[in-house]
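Below is upload.cif, holding mmCIF, C-alpha atoms.
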data_model
#
loop_
_atom_site.label_atom_id
_atom_site.label_comp_id
_atom_site.auth_asym_id
_atom_site.auth_seq_id
_atom_site.Cartn_x
_atom_site.Cartn_y
_atom_site.Cartn_z
CA MET A 1 6.49 29.73 23.46
CA SER A 2 8.06 26.69 21.84
CA ALA A 3 6.09 24.12 19.91
CA VAL A 4 5.87 20.71 21.49
CA ALA A 5 5.64 17.71 19.18
CA ASP A 6 2.54 15.61 19.70
CA PRO A 7 3.75 12.00 20.26
CA ASP A 8 0.61 10.67 18.56
CA ILE A 9 1.42 12.39 15.26
CA PRO A 10 4.03 10.55 13.18
CA LEU A 11 6.77 12.69 11.73
CA VAL A 12 6.91 12.40 7.97
CA ASP A 13 9.21 14.23 5.61
CA ALA A 14 7.14 15.87 2.87
CA ALA A 15 9.99 15.46 0.37
CA ASP A 16 10.03 11.70 1.03
CA LEU A 17 6.27 11.51 0.46
CA ARG A 18 6.55 13.49 -2.75
CA SER A 19 9.40 11.26 -3.90
CA ALA A 20 7.31 8.15 -3.21
CA GLN A 21 4.36 9.65 -5.11
CA GLU A 22 6.59 10.40 -8.10
CA TYR A 23 8.09 6.91 -8.00
CA TYR A 24 4.63 5.30 -7.97
CA ALA A 25 3.55 7.48 -10.89
CA SER A 26 6.69 6.59 -12.88
CA ARG A 27 5.85 2.89 -12.40
CA HIS A 28 2.23 3.52 -13.53
CA TRP A 29 0.92 2.33 -10.15
CA THR A 30 -1.47 5.28 -9.92
CA ASP A 31 -3.93 7.05 -12.16
CA GLY A 32 -2.56 10.40 -11.08
CA LEU A 33 -4.50 10.60 -7.83
CA PRO A 34 -2.49 10.72 -4.60
CA VAL A 35 -1.52 7.37 -3.15
CA VAL A 36 -0.47 6.31 0.34
CA PRO A 37 3.13 5.08 0.50
CA VAL A 38 3.09 1.49 1.77
CA THR A 39 5.78 0.49 4.23
CA GLU A 40 6.45 -3.09 5.29
CA SER A 41 5.00 -2.35 8.74
CA TYR A 42 1.84 -0.84 7.23
CA LEU A 43 1.46 -3.83 4.92
CA LYS A 44 1.73 -6.16 7.95
CA GLU A 45 -1.26 -4.37 9.48
CA PHE A 46 -3.33 -5.27 6.41
CA LEU A 47 -2.11 -8.84 6.22
CA GLY A 48 -2.78 -9.26 9.94
CA ARG A 49 -6.49 -8.76 9.22
CA THR A 50 -6.80 -11.97 7.22
CA SER A 51 -6.01 -15.62 7.88
CA ARG A 52 -5.21 -16.16 4.21
CA ASP A 53 -1.68 -16.79 3.05
CA PRO A 54 -0.17 -13.62 1.54
CA ASP A 55 0.93 -15.61 -1.53
CA GLU A 56 -2.51 -17.15 -2.12
CA VAL A 57 -3.72 -16.32 -5.62
CA LEU A 58 -7.12 -14.65 -5.48
CA PHE A 59 -7.58 -14.57 -9.23
CA ALA A 60 -5.54 -15.03 -12.36
CA MET A 61 -5.53 -13.17 -15.65
CA PRO A 62 -3.85 -15.70 -17.96
CA HIS A 63 -4.26 -13.52 -21.03
CA LEU A 64 -2.06 -10.90 -19.29
CA ASN A 65 0.15 -13.45 -17.58
CA ARG A 66 -0.75 -11.81 -14.26
CA ARG A 67 -2.05 -12.98 -10.89
CA CYS A 68 -3.47 -11.11 -7.91
CA THR A 69 -2.32 -12.47 -4.57
CA VAL A 70 -3.57 -11.54 -1.11
CA ARG A 71 -0.36 -9.49 -0.68
CA LEU A 72 -0.96 -7.54 -3.91
CA ALA A 73 -4.58 -6.92 -2.94
CA ALA A 74 -3.41 -5.60 0.44
CA ILE A 75 -0.80 -3.36 -1.17
CA ASN A 76 -3.37 -1.93 -3.57
CA ALA A 77 -5.87 -1.35 -0.77
CA ALA A 78 -3.22 0.51 1.23
CA LEU A 79 -2.13 2.55 -1.79
CA ALA A 80 -5.76 3.59 -2.33
CA GLY A 81 -6.06 4.84 1.24
CA CYS A 82 -8.21 2.02 2.63
CA LEU A 83 -7.94 1.11 6.29
CA PRO A 84 -6.44 -2.26 7.26
CA GLU A 85 -9.78 -3.49 8.61
CA TYR A 86 -11.29 -3.11 5.12
CA LEU A 87 -9.17 -6.03 3.92
#

Structure encoded using C-alpha cells:
Amino acid sequence: MSAVADPDIPLVDAADLRSAQEYYASRHWTDGLPVVPVTESYLKEFLGRTSRDPDEVLFAMPHLNRRCTVRLAAINAALAGCLPEYL
C-alpha cells in the first residue's frame, strides 16, 4: 500500500527548518527555544489582521536607538508561535 500525501498538510523540509532555526539563533533572535520561521506570506496573514500601517511605530527606545513597528511586532508574534488573529 502506498502512502498518499494529505493535501491539507504542507510539505516542509526538516533541513530547511533546522537551517532557519540555526540562522535565527546566530542572529540572537531567539532565547534558544524553537521559533517558527516567518515567510512573507505568513507575515501578510498577521498584517492582514490589523488596519494599522506596518511601518507605524508602536513604541521607541531612544536609549537603544531602536523602534518597534507593527511589522516587527507581527514578525515577533509569528516567531513566538502566536496565531495571526492574536495580533

Using the chain letters and numbering of this document, enumerate as an MDAnalysis selection string the residues selected by the PyMOL selection byres ((chain A and resi 68) around 6).
chainID A and resid 57:59 67 69 72

Which neighbours of stretch 73-78 of chain A fall inside 10 Å, counting only C-alpha atoms, when residues of the same chain fewer than 3 positions from it are skipped, and could you give them as number ranges by chain?
A: 29-30, 35-40, 42-47, 49-50, 54, 57-58, 68-70, 81-84, 86-87

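The interatomic distance for the pair atom CA of A:Arg52 and atom CA of A:Asn65 works out to 22.6 Å.
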
What does the distance between atom CA of A:Gln21 and atom CA of A:Glu85 come to in Å, to one decimal place?
23.7 Å

Coordinates-based distance that separates atom CA of A:Arg71 from atom CA of A:Asp53 (Å, one decimal):
8.3 Å

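Closest approach to A:Ala80 from the set A:Glu56, A:Ser51, A:Tyr24, A:Ser41 is made by A:Tyr24, with distances taken over all atoms listed in the file.
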
Point out the residue among A:Asp55, A:Leu79, A:Arg66, A:Met61 with the least atom-to-atom distance to A:Pro34, counting all atoms listed in the file.
A:Leu79
